[in-house]
Amino acid sequence: MSETAETPAGPPRQVSDDDTGRLDGASKGRLFAILAIIVLFSEVVPLQYAMISAAVPKIAPSFPSAGEGISWMIVILGLVGGAISPLIGKLSDLYGKKKMLLVTSVAFLAGTVLCATTSTWSLFLIGRGLQAVAFGMTAIVYGLIRDLMPRKFVPVAIGVSATGLGLSAALAPILAGVLTNHFSWRSLFWFLAIFMVVAIPLLVAFVPESKLRVQQKLDYVGAVVLGAGLAMILLYISQGENWGWGKPTAWGYAVGGVAVLAVWALWEKRVDQPLIDMKLLTAPKVAAVLAIAFLANMIIGVQNYLTSYMSQTPEAGDLKSQITGGIVQQTEAGAKAQGAPDAMIPAIVEGVKHGITFNDGMGYALGFSMLAMALHLAIWQSIGSMISGPVAGAWGQRVGLRTPMIAGMSLLSAGALMYVFLHDNWQLMLICGIVYGLGFGMYYAAAPNLMIEAVPQEQQGIASSMLVVAQSFGASVGVACLSPIFTRNEFEVSVKNPMTQQVTTNVIPQVYTENAYVQGFWLAVVVGLIGLAIAIFMKHGRTKATGGLGHDGATPDTEARETVDA
């Protein structure tokens, strides 16, 4: 059965129910195997973030020339990934999703091996830039699932792909802890290389290619202009703290990026075959999902950043004892250097000790290693998301995807609110993390499914890549918003000189007061409530999820036939 479908760009084309290569007659075993292989590629970006980001302090000594610029090893991921994802998504629509998944996988593998072997900072950054193309994998995965899976499986399959198999969330912190404890940081990159060496042949051998090809020329100008605009804004968000948010040399990137995006929007309206149809991008059903994605990932960025710092900050007693011991040693050395009699030094030291005060109790600090954090918190949080992701997809098939999205935003907001009050020990943080994890899975299953229901299959790759961009922007903005909060709430030690009564105050780097974390979680609560309001009032997603049935040129009769065949 076929019918003529109107594509957003270019002339109408014939869309057949079978022309995407949908595996309607495949056994469930084959479908699950193919899905598992595809999901491996959706794990790549979160896997490398989970393993590499926490290892920055261990990597920094190997590149002394980088200095304070060591943060660029993280910045470049979002910068290159956010800029290139729309192009990768569009290329997957034009030339094949499996083919582009292979291209990005090979690029990621090459970058990973380069990072594992080089001792040159510039080459290391090039390797990280090659790894960043993996951001486009997520968009391709959603499209490949839509094209290959029987429609009755699409919502649940998207839920599985969104929350993964637990490699990134549950096992990555454990692996990172074990590998860095027993080997060098380079072992992390070798693990990622081995991961891709295993995954690529599985993709080639067992996953069929989507037959869908969009008959359209690539809008190279639009792709370059869009990438440039996104890169400029991401650069400001990522580096604004280091450069100074209010300096013209810094915010000029943001203003310039917005101007470039405005030029891109005008160009897309004028060109015959645009990168993405602007009417589709600004349609309420798409815009609402992108807005929620941005806000949800602000919460996710904030939560990941705050809980990582809280759990790995040394316990208050240990840290304060260490600081006090350092001050005592300095006092003794200073007294001896000034010629104080040995009999007086103990009294001087005791007087200084009594004059040491701290500006916070640090009741939040857990003193965990990476491995302890994974075992006590991360693994249980990820189990919650792995359960709720597929559940949300199935739920969407029954009542519509708006409902699990509302549930997801509610749980993300509730988790943030719980963190405000329940963070005095790891058991309380575990409870908060489980609630957050359930919301994480609900959101990440609902968002791509809502996008599938909102766009035609010819626009799936580019539309999913815009979802990836919105999520990347959200996480970056969330972390950036924490910068002024941390600056206002630095952990300080004050020492009163017993002789002069003069008080000297010093900031302890990378340690913050409890108020910093409370304010950060309140920020997440407010952002979550805004996203929840959008989800409640949006009209999209109120009917049962169909796996894109409304856009793929199929009819209810076709859907019924697929159900019988499957």
# chains A, B, ... in the order shown; residues from 1 in each chain; ligands from 1
$ select_by_dssp --residues "segment 408-540 of chain A" --states "alpha helix (DSSP H)" --output "NGL selection string"
:A and (408-421 or 426-454 or 460-488 or 514-537)
$ closest_atom_pairs --of "segment 452-555 of chain A" --to "segment 327-340 of chain A" --cutoff "12 Å" --atoms "only C-alpha atoms" --output "CSV"
residue,atom,partner,partner_atom,distance
A:Val493,CA,A:Ile327,CA,10.1
A:Ser494,CA,A:Ile327,CA,10.5
A:Val495,CA,A:Ile327,CA,8.7
A:Lys496,CA,A:Ile327,CA,11.5
A:Asn497,CA,A:Thr331,CA,10.1
A:Pro498,CA,A:Thr331,CA,11.6
A:Thr504,CA,A:Ile327,CA,11.6
A:Asn506,CA,A:Ile327,CA,11.2
$ closest_atom_pairs --of "segment 279-377 of chain A" --to "segment 533-553 of chain A" --cutoff "7 Å" --atoms "only C-alpha atoms" --output "tab-separated table"
residue	atom	partner	partner_atom	distance
A:Lys285	CA	A:His540	CA	5.3
A:Ala288	CA	A:Met538	CA	6.8
A:Ile292	CA	A:Ile534	CA	7.0
$ write_last_selection --atoms "N, CA and C atoms" --output "tab-separated table (two decimals), in the first residue's frame"
chain	number	residue	atom	x	y	z
A	285	LYS	N	4.39	21.69	17.88
A	285	LYS	CA	4.67	20.34	18.36
A	285	LYS	C	6.17	20.06	18.42
A	288	ALA	N	7.83	22.87	21.16
A	288	ALA	CA	7.56	22.52	22.55
A	288	ALA	C	8.52	21.43	23.04
A	292	ILE	N	11.33	21.82	26.05
A	292	ILE	CA	11.38	20.92	27.20
A	292	ILE	C	12.74	20.24	27.26
$ closest_atom_pairs --of "segment 393-496 of chain A" --to "segment 80-100 of chain A" --cutoff "9 Å" --atoms "only C-alpha atoms" --output "CSV"
residue,atom,partner,partner_atom,distance
A:Gln457,CA,A:Asp93,CA,8.6
A:Glu458,CA,A:Asp93,CA,6.3
A:Gln459,CA,A:Asp93,CA,6.9
A:Gln460,CA,A:Asp93,CA,7.2
A:Gly461,CA,A:Gly89,CA,4.3
A:Ile462,CA,A:Gly89,CA,4.5
A:Ala463,CA,A:Gly89,CA,7.7
A:Ser464,CA,A:Gly89,CA,7.1
A:Ser465,CA,A:Pro86,CA,5.1
A:Met466,CA,A:Pro86,CA,6.3
A:Val468,CA,A:Ser85,CA,7.5
A:Val469,CA,A:Gly82,CA,5.4
A:Ala470,CA,A:Gly82,CA,8.8
A:Ser472,CA,A:Gly82,CA,6.8
A:Phe473,CA,A:Gly82,CA,8.0
$ write_last_selection --atoms "C-alpha atoms" --output "PDB file, in the first residue's frame"
ATOM      1  CA  GLN A 457      10.504  10.283   8.218  1.00  0.00           C
ATOM      2  CA  GLU A 458      12.367  12.310   5.575  1.00  0.00           C
ATOM      3  CA  GLN A 459      13.242  14.856   8.294  1.00  0.00           C
ATOM      4  CA  GLN A 460      13.955  12.397  11.098  1.00  0.00           C
ATOM      5  CA  GLY A 461      17.742  12.647  11.024  1.00  0.00           C
ATOM      6  CA  ILE A 462      17.941  16.440  11.004  1.00  0.00           C
ATOM      7  CA  ALA A 463      15.054  16.801  13.484  1.00  0.00           C
ATOM      8  CA  SER A 464      16.673  14.382  15.935  1.00  0.00           C
ATOM      9  CA  SER A 465      19.964  16.232  15.584  1.00  0.00           C
ATOM     10  CA  MET A 466      18.222  19.477  16.555  1.00  0.00           C
ATOM     11  CA  VAL A 468      20.529  16.632  20.405  1.00  0.00           C
ATOM     12  CA  VAL A 469      21.621  20.264  19.993  1.00  0.00           C
ATOM     13  CA  ALA A 470      18.856  21.490  22.338  1.00  0.00           C
ATOM     14  CA  SER A 472      23.577  19.856  24.608  1.00  0.00           C
ATOM     15  CA  PHE A 473      22.770  23.550  24.979  1.00  0.00           C
TER      16      PHE A 473
END
$ atom_distance --atom1 "atom CA of Phe195 of chain A" --atom2 "atom CA of Gly111 of chain A"
13.4 Å
$ atom_distance --atom1 "atom CA of Arg186 of chain A" --atom2 "atom CA of Ala116 of chain A"
5.1 Å
$ residues_around --residues "segment 52-58 of chain A" --least-positions-apart "6" --cutoff "12 Å" --atoms "only C-alpha atoms" --output "VMD selection string"
chain A and resid 44 to 46 64 66 to 75 77 112 115 to 116 128 131 168 172 to 181 183 to 192 304 to 305 308 to 309 312 369 to 371 373 to 374
$ closest_residue --among "A:Gly252, A:Pro456, A:Gly227, A:Gly474" --to "Asp277 of chain A" --atoms "only C-alpha atoms"
A:Pro456
$ atom_distance --atom1 "atom CA of Ala157 of chain A" --atom2 "atom CA of Leu144 of chain A"
10.8 Å
$ residues_around --residues "segment 208-211 of chain A" --least-positions-apart "3" --cutoff "9 Å" --atoms "only C-alpha atoms" --output "list in words"
Asp18, Asp19, Thr20, Gly21, Arg22, Ile34, Gly96, Lys97, Lys98, Lys99, Gly143, Leu144, Asp147, Leu148, Leu203, Val204 and Ala205 of chain A
$ write_last_selection --atoms "N, CA and C atoms" --output "short mmCIF file (atom, residue, chain, number, x, y, z; two decimals), in the first residue's frame"
data_model
loop_
_atom_site.label_atom_id
_atom_site.label_comp_id
_atom_site.auth_asym_id
_atom_site.auth_seq_id
_atom_site.Cartn_x
_atom_site.Cartn_y
_atom_site.Cartn_z
N ASP A 18 6.89 -0.13 2.85
CA ASP A 18 8.03 -1.03 2.99
C ASP A 18 9.35 -0.40 2.57
N ASP A 19 9.35 0.84 2.11
CA ASP A 19 10.58 1.35 1.49
C ASP A 19 11.65 1.76 2.48
N THR A 20 11.39 1.70 3.78
CA THR A 20 12.44 1.99 4.75
C THR A 20 13.18 0.73 5.18
N GLY A 21 12.71 -0.43 4.75
CA GLY A 21 13.34 -1.68 5.17
C GLY A 21 12.84 -2.16 6.52
N ARG A 22 11.62 -1.78 6.88
CA ARG A 22 11.06 -2.15 8.18
C ARG A 22 11.01 -3.66 8.34
N ILE A 34 19.17 -6.85 17.08
CA ILE A 34 19.47 -5.64 16.29
C ILE A 34 19.36 -4.40 17.16
N GLY A 96 21.90 7.48 3.99
CA GLY A 96 21.72 6.23 4.71
C GLY A 96 22.19 6.32 6.15
N LYS A 97 21.36 5.84 7.04
CA LYS A 97 21.65 5.99 8.47
C LYS A 97 22.73 5.03 8.94
N LYS A 98 22.68 3.78 8.48
CA LYS A 98 23.74 2.84 8.85
C LYS A 98 25.09 3.31 8.33
N LYS A 99 25.11 3.81 7.10
CA LYS A 99 26.36 4.29 6.51
C LYS A 99 26.95 5.42 7.34
N GLY A 143 16.63 7.62 14.25
CA GLY A 143 16.11 7.44 12.90
C GLY A 143 16.17 6.00 12.43
N LEU A 144 17.26 5.31 12.76
CA LEU A 144 17.41 3.92 12.34
C LEU A 144 16.37 3.04 13.01
N ASP A 147 13.06 3.60 11.27
CA ASP A 147 12.99 3.00 9.94
C ASP A 147 12.93 1.49 9.97
N LEU A 148 13.58 0.84 10.94
CA LEU A 148 13.72 -0.62 10.93
C LEU A 148 12.72 -1.35 11.81
N LEU A 203 27.65 -4.08 13.92
CA LEU A 203 26.79 -3.22 13.11
C LEU A 203 26.83 -3.64 11.65
N VAL A 204 28.03 -3.87 11.13
CA VAL A 204 28.17 -4.25 9.72
C VAL A 204 27.49 -5.58 9.43
N ALA A 205 27.63 -6.54 10.33
CA ALA A 205 27.18 -7.91 10.07
C ALA A 205 25.68 -8.10 10.28
#
$ closest_residue --among "A:Gly361, A:Gly317, A:Gly164, A:Gly325" --to "Ala36 of chain A" --atoms "only C-alpha atoms"
A:Gly164
$ residues_around --residues "Val225 of chain A" --least-positions-apart "6" --cutoff "8 Å" --atoms "only C-alpha atoms" --output "ChimeraX atom specification"
/A:260-261,263-264
$ residues_around --residues "Ala480 of chain A" --least-positions-apart "5" --cutoff "8 Å" --atoms "only C-alpha atoms" --output "list in words"
Ile237, Ser238, Gly240 and Glu241 of chain A
$ residues_around --residues "segment 487-491 of chain A" --least-positions-apart "5" --cutoff "7 Å" --atoms "only C-alpha atoms" --output "NGL selection string"
:A and (359-360 or 507-508 or 511-513 or 515-516)
$ closest_residue --among "A:Lys320, A:Gly326, A:Leu125, A:Tyr49" --to "Ile76 of chain A" --atoms "only C-alpha atoms"
A:Leu125
$ closest_atom_pairs --of "segment 201-320 of chain A" --to "segment 520-527 of chain A" --cutoff "7 Å" --atoms "only C-alpha atoms" --output "JSON lines"
{"residue": "A:Leu295", "atom": "CA", "partner": "A:Val527", "partner_atom": "CA", "distance": 6.0}
{"residue": "A:Ile299", "atom": "CA", "partner": "A:Ala524", "partner_atom": "CA", "distance": 5.0}
{"residue": "A:Val302", "atom": "CA", "partner": "A:Ala524", "partner_atom": "CA", "distance": 6.8}
$ closest_residue --among "A:Leu417, A:Leu412, A:Ala343, A:Tyr444" --to "Gly389 of chain A" --atoms "only C-alpha atoms"
A:Tyr444
$ closest_residue --among "A:Phe440, A:Phe41, A:Tyr419, A:Tyr364" --to "Val198 of chain A" --atoms "only C-alpha atoms"
A:Phe41
